[in-house]
Each structure stands twice: as C-alpha cells, then as structure tokens.
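Q: My structure file my_file_25.cif, mmCIF, C-alpha atoms and all ligand atoms, is below:
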data_structure
#
loop_
_atom_site.label_atom_id
_atom_site.label_comp_id
_atom_site.auth_asym_id
_atom_site.auth_seq_id
_atom_site.Cartn_x
_atom_site.Cartn_y
_atom_site.Cartn_z
CA MET A 1 -16.85 -10.97 -15.69
CA THR A 2 -18.75 -13.83 -17.19
CA THR A 3 -21.50 -12.76 -19.53
CA GLU A 4 -23.14 -16.17 -19.78
CA SER A 5 -25.89 -17.31 -17.50
CA THR A 6 -25.63 -21.07 -17.24
CA GLU A 7 -25.88 -23.78 -14.65
CA SER A 8 -23.38 -26.60 -14.68
CA GLN A 9 -23.21 -29.70 -12.50
CA GLY A 10 -25.91 -28.31 -10.23
CA GLN A 11 -23.86 -25.18 -9.40
CA ARG A 12 -25.36 -21.80 -10.04
CA LEU A 13 -23.00 -19.46 -11.75
CA PRO A 14 -23.06 -15.78 -10.80
CA THR A 15 -25.70 -13.68 -12.49
CA PRO A 16 -24.18 -11.83 -15.44
CA GLN A 17 -23.48 -8.17 -14.88
CA SER A 18 -22.72 -5.40 -17.27
CA GLU A 19 -19.79 -3.12 -16.46
CA THR A 20 -22.28 -0.45 -15.32
CA GLU A 21 -24.09 -2.88 -13.04
CA LYS A 22 -20.82 -4.08 -11.63
CA ILE A 23 -19.70 -0.55 -10.76
CA ALA A 24 -23.11 0.22 -9.24
CA ALA A 25 -22.87 -2.92 -7.08
CA ILE A 26 -19.35 -1.97 -6.00
CA ARG A 27 -20.48 1.53 -5.04
CA ASN A 28 -23.43 0.12 -3.13
CA GLU A 29 -20.97 -1.83 -1.01
CA LEU A 30 -19.08 1.41 -0.27
CA PRO A 31 -21.72 3.73 1.22
CA VAL A 32 -19.32 6.66 1.55
CA THR A 33 -19.14 6.91 -2.25
CA ALA A 34 -22.78 8.06 -2.25
CA ARG A 35 -21.90 10.89 0.08
CA TYR A 36 -18.67 12.23 -1.38
CA LEU A 37 -16.66 12.16 -4.55
CA TYR A 38 -14.06 9.95 -2.91
CA PHE A 39 -10.67 10.59 -4.52
CA ASN A 40 -8.27 9.82 -1.70
CA ALA A 41 -7.53 6.11 -1.34
CA GLY A 42 -3.89 7.22 -1.09
CA THR A 43 -4.66 8.37 2.45
CA ASN A 44 -7.47 5.96 3.39
CA GLY A 45 -9.66 3.86 1.12
CA PRO A 46 -13.45 3.62 1.59
CA LEU A 47 -14.52 0.85 3.97
CA PRO A 48 -16.82 -1.80 2.44
CA ARG A 49 -20.02 -2.69 4.31
CA ARG A 50 -18.89 -6.27 4.80
CA SER A 51 -15.63 -5.18 6.42
CA HIS A 52 -17.55 -2.88 8.73
CA ASP A 53 -19.88 -5.80 9.52
CA ALA A 54 -16.87 -8.02 10.29
CA LEU A 55 -15.58 -5.41 12.75
CA VAL A 56 -18.98 -5.23 14.45
CA ALA A 57 -19.40 -9.03 14.51
CA SER A 58 -15.94 -9.47 15.98
CA SER A 59 -16.66 -6.93 18.66
CA ALA A 60 -20.01 -8.55 19.47
CA LEU A 61 -18.30 -11.91 19.89
CA GLU A 62 -15.81 -10.39 22.30
CA LEU A 63 -18.64 -8.77 24.21
CA ASP A 64 -20.70 -11.95 24.50
CA GLU A 65 -18.07 -14.68 24.71
CA GLY A 66 -15.09 -12.84 26.15
CA ARG A 67 -11.59 -13.08 24.83
CA ILE A 68 -9.95 -15.76 26.96
CA SER A 69 -11.72 -19.01 26.20
CA HIS A 70 -9.99 -21.84 24.39
CA THR A 71 -12.27 -21.14 21.42
CA ALA A 72 -11.29 -17.47 21.41
CA PHE A 73 -7.59 -18.34 21.22
CA THR A 74 -8.12 -21.01 18.59
CA ARG A 75 -10.05 -18.43 16.62
CA LEU A 76 -7.30 -15.83 17.01
CA PHE A 77 -4.56 -18.19 15.77
CA GLN A 78 -6.72 -19.23 12.83
CA ASN A 79 -7.40 -15.57 12.11
CA LEU A 80 -3.67 -14.80 12.02
CA ASP A 81 -2.97 -17.76 9.70
CA ASP A 82 -5.89 -16.92 7.42
CA THR A 83 -4.80 -13.29 7.16
CA ARG A 84 -1.26 -14.27 6.19
CA SER A 85 -2.76 -16.48 3.48
CA SER A 86 -5.03 -13.68 2.19
CA VAL A 87 -2.14 -11.24 1.95
CA ALA A 88 0.03 -13.92 0.31
CA THR A 89 -2.67 -14.38 -2.33
CA LEU A 90 -2.55 -10.66 -3.08
CA LEU A 91 1.26 -10.56 -3.26
CA GLN A 92 1.49 -14.01 -4.88
CA CYS A 93 4.00 -15.40 -2.43
CA ASP A 94 4.19 -18.10 0.25
CA PRO A 95 2.16 -17.24 3.40
CA ALA A 96 5.30 -18.19 5.37
CA GLU A 97 6.91 -15.02 3.97
CA ILE A 98 4.28 -12.70 5.46
CA ALA A 99 4.59 -10.90 8.80
CA LEU A 100 1.53 -9.09 10.14
CA THR A 101 2.00 -5.46 11.10
CA HIS A 102 -0.18 -2.50 11.97
CA ASN A 103 0.82 -0.28 9.03
CA THR A 104 3.46 0.26 6.36
CA THR A 105 5.74 2.29 8.62
CA GLU A 106 6.08 -0.61 11.05
CA GLY A 107 7.01 -2.93 8.18
CA MET A 108 9.58 -0.47 6.81
CA ASN A 109 11.16 -0.09 10.25
CA ILE A 110 11.35 -3.86 10.74
CA ALA A 111 12.99 -4.43 7.35
CA ILE A 112 15.39 -1.48 7.43
CA MET A 113 16.54 -1.87 11.04
CA GLY A 114 17.08 -5.59 10.54
CA LEU A 115 20.34 -5.29 8.57
CA ARG A 116 23.69 -5.37 10.38
CA TRP A 117 24.59 -1.70 9.91
CA GLN A 118 28.06 -0.30 10.38
CA GLN A 119 29.43 3.22 10.19
CA GLY A 120 30.09 4.19 6.58
CA ASP A 121 27.47 1.84 5.11
CA GLU A 122 25.19 3.54 2.62
CA ILE A 123 21.46 3.55 2.12
CA ILE A 124 20.05 4.90 -1.12
CA THR A 125 16.63 6.45 -1.12
CA SER A 126 14.85 9.40 -2.73
CA VAL A 127 13.62 12.89 -1.94
CA ALA A 128 10.19 11.64 -3.01
CA GLU A 129 9.97 9.07 -0.20
CA HIS A 130 7.42 9.14 2.61
CA PRO A 131 8.67 9.56 6.19
CA GLY A 132 7.50 5.99 6.85
CA GLY A 133 10.52 4.71 4.91
CA LEU A 134 12.73 7.77 5.04
CA TYR A 135 12.92 8.41 8.77
CA PRO A 136 14.12 4.89 9.59
CA ALA A 137 17.04 5.70 7.25
CA TYR A 138 17.66 8.96 9.14
CA LEU A 139 17.62 7.00 12.37
CA LEU A 140 20.34 4.72 10.98
CA HIS A 141 22.38 7.81 10.21
CA GLN A 142 21.98 9.15 13.74
CA ARG A 143 22.58 5.82 15.45
CA TYR A 144 25.29 4.19 13.34
CA GLY A 145 26.68 6.90 11.07
CA VAL A 146 25.09 5.32 8.00
CA LYS A 147 25.32 7.58 4.96
CA VAL A 148 21.88 8.41 3.57
CA ARG A 149 21.91 9.26 -0.13
CA GLN A 150 18.69 11.00 -1.07
CA THR A 151 18.56 10.85 -4.84
CA GLU A 152 16.05 12.32 -7.29
CA ILE A 153 14.65 8.91 -8.22
CA ALA A 154 10.85 9.25 -8.60
CA LEU A 155 11.00 12.92 -9.54
CA PRO A 156 9.38 13.66 -12.92
CA GLY A 157 11.86 14.00 -15.75
CA ARG A 158 14.48 11.78 -14.11
CA ASP A 159 15.29 8.27 -15.29
CA PRO A 160 14.97 6.22 -12.10
CA VAL A 161 17.31 3.48 -13.28
CA GLU A 162 20.04 5.93 -14.30
CA GLU A 163 19.66 7.86 -11.03
CA LEU A 164 20.12 4.65 -9.07
CA ARG A 165 23.04 3.50 -11.21
CA LYS A 166 24.84 6.79 -10.49
CA ALA A 167 24.21 6.56 -6.75
CA LEU A 168 25.20 2.92 -6.12
CA SER A 169 28.56 2.15 -4.57
CA PRO A 170 30.28 -0.86 -3.02
CA ARG A 171 29.16 0.50 0.39
CA THR A 172 25.46 0.45 -0.56
CA LYS A 173 23.74 -1.96 1.77
CA ALA A 174 20.11 -1.18 1.01
CA VAL A 175 18.02 0.66 -1.55
CA VAL A 176 14.81 1.96 0.00
CA LEU A 177 12.17 3.14 -2.46
CA SER A 178 8.41 3.16 -2.92
CA HIS A 179 6.83 1.15 -5.72
CA VAL A 180 4.52 4.16 -6.26
CA SER A 181 5.68 7.53 -4.92
CA TRP A 182 3.21 9.28 -2.66
CA ALA A 183 4.76 12.64 -3.62
CA THR A 184 4.79 12.40 -7.43
CA GLY A 185 2.53 9.45 -8.28
CA MET A 186 5.26 7.84 -10.36
CA VAL A 187 5.21 4.05 -10.64
CA LEU A 188 8.82 2.93 -10.49
CA PRO A 189 10.31 0.11 -12.59
CA VAL A 190 10.90 -1.93 -9.47
CA ARG A 191 12.25 -5.04 -11.16
CA GLU A 192 15.05 -3.14 -12.90
CA LEU A 193 15.86 -1.18 -9.76
CA ALA A 194 15.92 -4.30 -7.60
CA ASP A 195 18.20 -6.11 -10.07
CA LEU A 196 20.53 -3.14 -10.04
CA ALA A 197 20.60 -3.05 -6.22
CA HIS A 198 21.35 -6.77 -6.13
CA SER A 199 24.23 -6.32 -8.60
CA VAL A 200 26.19 -4.56 -5.82
CA GLY A 201 24.96 -6.93 -3.10
CA ALA A 202 22.41 -4.49 -1.66
CA LEU A 203 18.88 -5.36 -0.56
CA PHE A 204 15.83 -3.73 -2.14
CA ILE A 205 13.35 -2.70 0.55
CA CYS A 206 10.11 -1.45 -0.98
CA ASP A 207 7.45 0.80 0.50
CA ALA A 208 4.18 -0.57 -0.89
CA ALA A 209 1.78 1.77 0.89
CA GLN A 210 0.62 3.27 -2.42
CA SER A 211 1.05 0.22 -4.61
CA ALA A 212 -0.57 -2.71 -2.79
CA GLY A 213 -4.06 -2.75 -4.26
CA MET A 214 -3.31 -0.06 -6.86
CA VAL A 215 -0.98 -1.90 -9.23
CA PRO A 216 -0.12 -5.61 -9.62
CA SER A 217 2.20 -6.58 -6.78
CA ASN A 218 3.69 -9.98 -7.57
CA VAL A 219 6.64 -9.75 -5.21
CA TYR A 220 8.66 -12.51 -6.88
CA GLU A 221 8.33 -10.85 -10.27
CA LEU A 222 9.21 -7.48 -8.73
CA GLY A 223 12.36 -9.01 -7.27
CA VAL A 224 12.00 -7.15 -3.95
CA ASP A 225 13.53 -8.43 -0.73
CA ALA A 226 10.95 -6.76 1.50
CA TYR A 227 7.59 -5.18 0.65
CA ALA A 228 5.66 -3.28 3.34
CA CYS A 229 1.92 -2.69 2.89
CA SER A 230 -0.90 -0.77 4.56
CA GLY A 231 -4.36 -2.30 4.97
CA GLN A 232 -6.24 0.98 5.15
CA LYS A 233 -5.39 2.53 1.78
CA TRP A 234 -5.92 0.85 -1.61
CA LEU A 235 -6.88 -2.44 0.03
CA CYS A 236 -9.92 -0.78 1.64
CA GLY A 237 -9.22 -2.44 4.99
CA PRO A 238 -9.51 -0.91 8.44
CA ASP A 239 -6.89 1.18 10.22
CA GLY A 240 -4.27 -0.64 12.24
CA THR A 241 -3.68 -3.39 9.69
CA GLY A 242 -0.69 -4.03 7.46
CA ALA A 243 1.71 -6.70 6.30
CA LEU A 244 5.37 -7.15 5.50
CA PHE A 245 6.67 -9.60 2.89
CA VAL A 246 10.23 -10.77 3.52
CA ARG A 247 11.68 -13.09 0.91
CA ARG A 248 12.64 -16.43 2.47
CA GLU A 249 16.26 -16.16 1.29
CA ARG A 250 16.58 -12.86 3.20
CA TRP A 251 15.46 -14.06 6.63
CA GLY A 252 19.12 -14.46 7.56
CA ASP A 253 20.03 -10.92 6.41
CA ILE A 254 17.06 -9.17 7.99
CA GLN A 255 17.45 -9.76 11.71
CA GLN A 256 14.68 -9.35 14.26
CA THR A 257 14.62 -5.91 15.84
CA PHE A 258 11.48 -6.53 17.83
CA ILE A 259 10.65 -9.92 19.21
CA GLY A 260 7.52 -11.23 20.82
CA PHE A 261 5.51 -14.37 21.41
CA PHE A 262 5.74 -15.53 17.79
CA GLY A 263 9.42 -14.70 17.38
CA ILE A 264 10.98 -17.91 18.71
CA GLN A 265 10.56 -21.47 17.51
CA PHE A 266 8.42 -23.23 20.09
CA GLY A 267 10.63 -24.79 22.78
CA MET A 268 13.85 -23.54 21.16
CA SER A 269 15.16 -21.11 23.78
CA ASP A 270 17.08 -21.41 27.03
CA HIS A 271 17.35 -19.33 30.17
CA ASP A 272 20.64 -17.78 29.03
CA GLY A 273 18.82 -16.05 26.21
CA ASN A 274 19.81 -18.37 23.38
CA TYR A 275 17.02 -19.06 20.96
CA VAL A 276 16.17 -20.17 17.45
CA PRO A 277 13.99 -17.67 15.52
CA ALA A 278 10.58 -18.84 14.34
CA ASP A 279 10.89 -20.71 11.08
CA THR A 280 8.73 -18.30 9.07
CA ALA A 281 8.37 -14.52 8.63
CA ARG A 282 6.13 -14.75 11.72
CA ARG A 283 9.43 -14.08 13.48
CA TYR A 284 8.96 -10.39 12.56
CA ASP A 285 5.46 -10.08 14.08
CA VAL A 286 5.83 -7.70 16.99
CA SER A 287 2.86 -9.32 18.73
CA THR A 288 -0.82 -9.78 17.98
CA VAL A 289 -2.98 -7.51 15.83
CA TYR A 290 -6.57 -6.54 16.69
CA PRO A 291 -8.61 -9.61 15.63
CA GLY A 292 -11.53 -7.56 14.31
CA GLY A 293 -9.13 -5.60 12.12
CA LEU A 294 -7.72 -8.80 10.65
CA ARG A 295 -11.17 -10.19 9.93
CA ALA A 296 -12.22 -6.94 8.30
CA LEU A 297 -9.05 -6.77 6.20
CA ARG A 298 -9.68 -10.31 4.97
CA GLU A 299 -13.23 -9.39 4.04
CA SER A 300 -11.94 -6.47 1.96
CA LEU A 301 -9.27 -8.62 0.30
CA ARG A 302 -11.74 -11.42 -0.41
CA TRP A 303 -14.28 -9.01 -1.85
CA ILE A 304 -11.84 -7.28 -4.18
CA GLY A 305 -9.92 -10.45 -5.05
CA GLU A 306 -12.83 -12.85 -5.59
CA ASP A 307 -15.97 -10.85 -6.29
CA ILE A 308 -14.45 -7.94 -8.19
CA GLY A 309 -11.17 -9.43 -9.39
CA TRP A 310 -7.75 -7.82 -8.88
CA ASP A 311 -6.99 -7.66 -12.57
CA TRP A 312 -10.23 -5.81 -13.23
CA ALA A 313 -9.59 -3.46 -10.27
CA TYR A 314 -6.00 -2.65 -11.41
CA ARG A 315 -7.19 -2.01 -14.96
CA ARG A 316 -10.05 0.18 -13.81
CA ILE A 317 -7.80 2.24 -11.50
CA ALA A 318 -5.30 2.88 -14.31
CA THR A 319 -8.03 3.62 -16.88
CA LEU A 320 -9.62 6.19 -14.57
CA GLY A 321 -6.18 7.62 -13.77
CA ARG A 322 -5.58 8.27 -17.47
CA TYR A 323 -9.12 9.59 -17.94
CA CYS A 324 -8.53 12.02 -15.09
CA TYR A 325 -5.17 13.06 -16.52
CA GLU A 326 -6.76 13.87 -19.89
CA ALA A 327 -9.67 15.69 -18.24
CA LEU A 328 -7.48 17.98 -16.13
CA ALA A 329 -4.76 18.47 -18.73
CA THR A 330 -7.23 20.29 -20.99
CA LEU A 331 -7.91 22.97 -18.35
CA ASP A 332 -6.12 26.28 -18.75
CA GLY A 333 -3.76 27.02 -15.89
CA VAL A 334 -3.45 23.40 -14.81
CA THR A 335 -0.01 21.78 -14.82
CA MET A 336 0.10 18.02 -14.67
CA MET A 337 3.03 16.84 -12.60
CA THR A 338 2.78 13.05 -12.70
CA PRO A 339 4.23 11.81 -16.01
CA ARG A 340 1.40 10.37 -18.12
CA ASP A 341 3.30 7.24 -19.10
CA GLN A 342 4.56 6.47 -15.57
CA MET A 343 1.35 6.65 -13.58
CA ALA A 344 -1.55 4.45 -12.46
CA GLY A 345 -4.01 5.72 -9.83
CA LEU A 346 -2.19 8.70 -8.26
CA LEU A 347 -2.25 11.97 -10.07
CA HIS A 348 -0.44 15.15 -9.00
CA PHE A 349 -1.21 18.55 -10.49
CA ARG A 350 -1.06 22.28 -9.77
CA VAL A 351 -3.63 24.95 -10.51
CA GLU A 352 -2.03 28.28 -11.26
CA GLY A 353 -2.70 30.91 -8.62
CA ILE A 354 -4.37 28.54 -6.14
CA ALA A 355 -2.31 27.13 -3.28
CA PRO A 356 -2.78 23.35 -3.04
CA PRO A 357 -4.27 23.42 0.51
CA GLU A 358 -6.80 26.04 -0.62
CA LEU A 359 -7.91 23.91 -3.56
CA THR A 360 -8.26 20.85 -1.30
CA GLU A 361 -10.39 22.88 1.08
CA LYS A 362 -12.58 24.42 -1.60
CA LEU A 363 -13.27 21.09 -3.26
CA GLY A 364 -13.86 19.50 0.14
CA ALA A 365 -16.53 22.12 0.87
CA SER A 366 -18.47 20.82 -2.12
CA GLY A 367 -18.04 17.17 -1.17
CA ILE A 368 -15.03 16.37 -3.36
CA LEU A 369 -12.27 14.72 -1.37
CA ILE A 370 -8.71 15.04 -2.66
CA ARG A 371 -5.51 16.06 -0.86
CA ASP A 372 -2.48 18.28 -1.17
CA THR A 373 1.14 17.17 -0.84
CA HIS A 374 4.49 18.91 -0.32
CA ASP A 375 7.93 18.72 -1.89
CA PRO A 376 6.90 19.21 -4.64
CA ASP A 377 3.80 21.21 -3.65
CA ALA A 378 0.79 19.81 -5.48
CA ASN A 379 -2.74 18.51 -5.27
CA ARG A 380 -3.22 14.78 -5.49
CA ILE A 381 -6.10 12.67 -6.77
CA SER A 382 -6.45 8.94 -6.19
CA THR A 383 -8.66 7.17 -8.71
CA GLY A 384 -10.19 4.07 -7.10
CA PHE A 385 -11.84 1.15 -8.91
CA TYR A 386 -15.14 2.43 -7.47
CA ASN A 387 -14.89 5.91 -9.03
CA THR A 388 -16.65 6.80 -12.27
CA GLU A 389 -15.89 8.90 -15.32
CA ALA A 390 -18.90 11.08 -14.42
CA GLU A 391 -17.31 11.85 -11.04
CA ILE A 392 -14.09 12.87 -12.76
CA ASP A 393 -16.07 15.17 -15.07
CA ARG A 394 -17.67 16.76 -11.99
CA LEU A 395 -14.26 17.19 -10.40
CA ARG A 396 -12.99 18.89 -13.53
CA ASP A 397 -16.03 21.19 -13.65
CA ALA A 398 -15.60 22.06 -9.98
CA ILE A 399 -11.95 23.05 -10.54
CA GLU A 400 -12.99 25.15 -13.53
CA GLN A 401 -15.63 26.90 -11.43
CA ILE A 402 -13.14 27.63 -8.64
CA GLN A 403 -10.80 29.11 -11.25
CA ALA A 404 -13.63 31.24 -12.64
CA THR A 405 -14.55 32.74 -9.28
CA ARG A 406 -11.03 34.06 -8.65
C1 LIG A 501 4.41 5.90 0.43
C2 LIG A 501 3.87 5.86 1.83
N1 LIG A 501 4.56 5.20 2.77
C3 LIG A 501 4.12 5.10 4.03
C4 LIG A 501 2.95 5.69 4.41
C5 LIG A 501 2.50 5.54 5.83
O1 LIG A 501 1.55 4.52 5.88
P1 LIG A 501 1.13 3.89 7.26
O2 LIG A 501 0.26 4.91 7.95
O3 LIG A 501 0.36 2.65 6.90
O4 LIG A 501 2.36 3.61 8.02
C6 LIG A 501 2.18 6.40 3.48
C7 LIG A 501 0.94 7.06 3.88
O5 LIG A 501 0.39 7.91 3.23
C8 LIG A 501 2.67 6.50 2.15
O6 LIG A 501 1.99 7.16 1.21
#
Is it possible to give me this structure as structure tokens?
Ligand SMILES: Cc1ncc(COP(=O)(O)O)c(C=O)c1O
A:
Amino acid sequence: MTTESTESQGQRLPTPQSETEKIAAIRNELPVTARYLYFNAGTNGPLPRRSHDALVASSALELDEGRISHTAFTRLFQNLDDTRSSVATLLQCDPAEIALTHNTTEGMNIAIMGLRWQQGDEIITSVAEHPGGLYPAYLLHQRYGVKVRQTEIALPGRDPVEELRKALSPRTKAVVLSHVSWATGMVLPVRELADLAHSVGALFICDAAQSAGMVPSNVYELGVDAYACSGQKWLCGPDGTGALFVRRERWGDIQQTFIGFFGIQFGMSDHDGNYVPADTARRYDVSTVYPGGLRALRESLRWIGEDIGWDWAYRRIATLGRYCYEALATLDGVTMMTPRDQMAGLLHFRVEGIAPPELTEKLGASGILIRDTHDPDANRISTGFYNTEAEIDRLRDAIEQIQATR
C-alpha cells in the first residue's frame, strides 16, 4: 500500500490506508464476515459485494435484453476471453493456456483422462488427495488397468520428494498431487516434485483447489503441466466457476476427452469426423459457463489482484496461519497436525476427547465456521486475508471454553 497522498499528472492516487483501515475496508466488502467468524475458505470463500452485484446485474441484463441478440453473444465471447485473461494474470501464464471449467474436479478429469493410457501404466498420487483428483485415477484403473500408487506424500513427517522418488518407475505416466493438501494442509514443494516426475517422462498434474488464491501460483515457476482451480474457494468467486491451465507444450499429450463448440479450429473439420483441435487450451472447454458466474469471478479476481494485491493477500493468509498455529498450539490437549514449516492458510488439529464433527458443530453454534476432515480425522481452519488476529483469539477462547465444559 502506498502511504503517500500525492497527485501526479492530474491523476489522483488512492487515499492512503493503514493496515487496519485496509482490513476494515476488505471486511466491509465481505458482509458475511460481520455475521460469522469465517474460517472456511477451503470449502467456499466469502462472496464480495461487487461479485454479488455482478451476478445480479448479469441476471437483470438477461431478464431485460434476453440472451439471443447479437450483442448478447458478442458480450458472452468477450466475457469468456476476459475471464481467461484474468485467470492467466493470477497464474502468470498466457491466456491461451487457460480452459474454463465449472470447478477443480472437471479440470482434473480433463487433464488426467487426456493421456493415452494403456494397461500397466502407472499413476502416482497420495492418500492425502481429494476425490476430485483421486477418483479419476481410480476410473483409469477400472477402465484401462492403470496401476494407481497411493503414496504417503503430503502426510506429516514424510519427505514428499523422497516419497515420490521411491514410487517413480519407468511405467509412471502421471503424478497427480495437490499443491496444498486438503487433508493435511501441507504445501508441497511442487517445483521439485514436478522436476522429478519429468525426469522419468511423466506429467505433473496438479490439483490447485486449495492453492489458487492461497499461495503464489506462478505455473511456469512451479513447472506443472496442468493446474486445475476452483473459483469458489480462495478466489472468493461464485460456485460453478473454475479454470484449467495446460502448458502449451503439453497440448499434444493431453488429448480432448470432451469436445464442444470451442473444441475445433473454425472451419477445420469434415463430415467424416476429421478435425483440427482449436489452437489454444480453449479446446478443453466442455462448452459455455454461466456468464454471470464468469463476470462475478472476474470481479473477485480484479478486487483481490488490483485493489488488495495478491502479494499482500498471500502474506496475510500465511501470517494469520502461523498466528493461529501458535494460538492453538499453546492449548492443553490440542495436537497440531499440519507441520508448522510446511503450511500457509490451512491448519489441521485435534482436540483430545472431542470428535472433530462435534467440535465443528459446537463452534458453529456460536457463529464460528470451521470444518472437520477425515483420513486423518481432524478439524481444519482456513485463515483468509480478511480474518483478523482478534478473531483467532476468539476462536482459541471458544475452544478452551468447550474443553472446560466437558
Ligand atoms: C484439494 C481439493 N480438490 C478438489 C476439490 C473439489 O473442488 P471442486 O468442487 O471445485 O471440484 C476440493 C474441494 O474441497 C479440494 O479441497
């Protein structure tokens, strides 16, 4: 944030804000944060007012103008292009490498199914993966006899790189892992893992549901071949929005599994079924996405990227994550499960003698929203850039009180 109030060349610079004012302004844009202690961006982030307004405005336009005029279609195509560009800004890649999806799971399916699988090929993943990336691997096993190797990568106490090194073989065709594990909160060293996968000729397909918007996601630096994101979690977008990055050099390896209007290069097909795929990652778009959802997602991305600043948001998320770790770690009977030096905004812990679903419910009854997860059983907190230290103190006190009443 600039702290100087100046005017240059007739342009008014933004009014200076202290850190406290900035956080207050952020929270004002997220009305739900006034109602709850909102600690669950890992499931769904809070919706900003402006994204809500974009949804309403889009709907009003459809109501008044209809959806079939030339203007409506021009607007839709522009909307699709603009959304690819917004996501590309977040992931720091070429917009041509972005496909638009409805969620992370769709992106994971598109990337994983796209390889030319044969019986005996291997896919390496982890017991800490979400079904959104794991079940497509199971499907490959059922359909083609692909061997699924579920390692302990992303479990606390394991060295992810060593675990992957042990599991790799000449038959490994893809490594499928999350950048941030939903089950343990661990941030994986994706670059090292991707390099290792590439050393045996395998692709690295990354589930970014928990990382996009939580930690820096420069896909070229990460070295991933595919990176599947959700709009509704850390990006604070609406449901039904998502994106898939596929590295240009991999378009030949990742075939289309679904194909729709955008899948073929205009005019490049014949009646025998021969065609040339679209010349960008648009080829992976299944079809259109709800226009209001795209507009709202862009509003969220623009707000966080331009008004708040991604670097500030990433720093704040990690700072609050550590603050929360320290706050809970001092409580008797609390076991921290996410390793302190391998975390950012997801924090898993257990409270002795209280089943995780019971703790979620009890906190929920007093307006504190967290969640519980399984395998390993735990409670999970997401620290968003909009949370405050005072909220974390209240969370800690509430857990202490629940312990005291047992
Ligand atoms: C790591 C991970 N992958 C995938 C998903 C599924 O996301 P979506 O509903 O966008 O498909 C989630 C949701 O919690 C998740 O945490």
Q: For atom CA of A:Asp195 and atom CA of A:Gln142, quote the distance in Å rounded to one decimal.
A: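 Result for atom CA of A:Asp195 versus atom CA of A:Gln142: 28.5 Å, one decimal.
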Q: Using only C-alpha atoms, list the residues that have an atom at most 6 Å from (-1.4, 8.8, -1.7), coordinates as in the file, as a ChimeraX atom specification.
A: /A:42-43,182,210
Q: Once you have the residues from the selection above, write them out as a PDB file, in the frame of the given file, restricted to C-alpha atoms.
A:
ATOM      1  CA  GLY A  42      -3.890   7.220  -1.090  1.00  0.00           C
ATOM      2  CA  THR A  43      -4.660   8.370   2.450  1.00  0.00           C
ATOM      3  CA  TRP A 182       3.210   9.280  -2.660  1.00  0.00           C
ATOM      4  CA  GLN A 210       0.620   3.270  -2.420  1.00  0.00           C
TER       5      GLN A 210
END
Q: May I have the protein, DNA and RNA residues with any atom at most 10 Å from the point (-12.5, 9.6, -14.7), counting all atoms listed in the file, written as a list of chain:residue names?
A: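 Residues satisfying the cut-off, written out: A:Arg316, A:Ile317, A:Ala318, A:Thr319, A:Leu320, A:Gly321, A:Arg322, A:Tyr323, A:Cys324, A:Tyr325, A:Glu326, A:Ala327, A:Leu328, A:Thr383, A:Gly384, A:Asn387, A:Thr388, A:Glu389, A:Ala390, A:Glu391, A:Ile392, A:Asp393, A:Arg394, A:Leu395, A:Arg396.
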Q: With ligand LIG 501 (chain A) as the partner and 7 Å as the cut-off, tabulate the residues of chain A that qualify, each row holding the nearest pair of atoms and their distance in Å to one decimal, using all atoms listed in the file, sorted by chain and rising number, as a tab-separated table.
A:
residue	atom	partner	partner_atom	distance
A:Gly42	CA	A:LIG501	O5	6.1
A:Thr43	CA	A:LIG501	O5	5.1
A:Asn103	CA	A:LIG501	O3	3.7
A:Thr104	CA	A:LIG501	O4	3.9
A:Thr105	CA	A:LIG501	O4	3.7
A:Glu106	CA	A:LIG501	O4	6.4
A:Glu129	CA	A:LIG501	C1	6.4
A:His130	CA	A:LIG501	N1	4.9
A:Pro131	CA	A:LIG501	C3	6.7
A:Gly132	CA	A:LIG501	C3	4.5
A:Gly133	CA	A:LIG501	N1	6.4
A:Ser178	CA	A:LIG501	C1	5.9
A:Val180	CA	A:LIG501	C1	6.9
A:Ser181	CA	A:LIG501	C1	5.7
A:Trp182	CA	A:LIG501	O6	4.6
A:Asp207	CA	A:LIG501	N1	5.7
A:Ala208	CA	A:LIG501	C1	6.6
A:Ala209	CA	A:LIG501	C2	4.7
A:Gln210	CA	A:LIG501	C1	5.4
A:Cys229	CA	A:LIG501	O3	6.9
A:Ser230	CA	A:LIG501	O3	4.3
A:Gly242	CA	A:LIG501	O3	6.8
Q: Between A:Ala183, A:Pro189, A:Asp375, A:Leu331, single out the one closest to A:Asp159, counting all atoms listed in the file.
A: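 That would be A:Pro189, the residue with the smallest distance to A:Asp159.
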Q: List as a JSON list (two decimals) with C-alpha atoms, in the coordinates of the input the protein and nucleic acid residues near A:Arg295, meaning an atom at most 8 Å away when all atoms listed in the file are counted, but skip any in the same chain fewer than 6 places from it.
A:
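What follows is the written file around_32.json:
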[["chain", "number", "residue", "atom", "x", "y", "z"],
["A", 51, "SER", "CA", -15.63, -5.18, 6.42],
["A", 54, "ALA", "CA", -16.87, -8.02, 10.29],
["A", 55, "LEU", "CA", -15.58, -5.41, 12.75],
["A", 58, "SER", "CA", -15.94, -9.47, 15.98],
["A", 79, "ASN", "CA", -7.40, -15.57, 12.11],
["A", 83, "THR", "CA", -4.80, -13.29, 7.16]]
Q: Using only C-alpha atoms for the distances, tell me which of A:Ala99, A:Ala228, A:Leu47, A:Leu80 is nearest to A:Ile304.
A: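 Residue with the minimum atom-to-atom distance to A:Ile304: A:Leu47.
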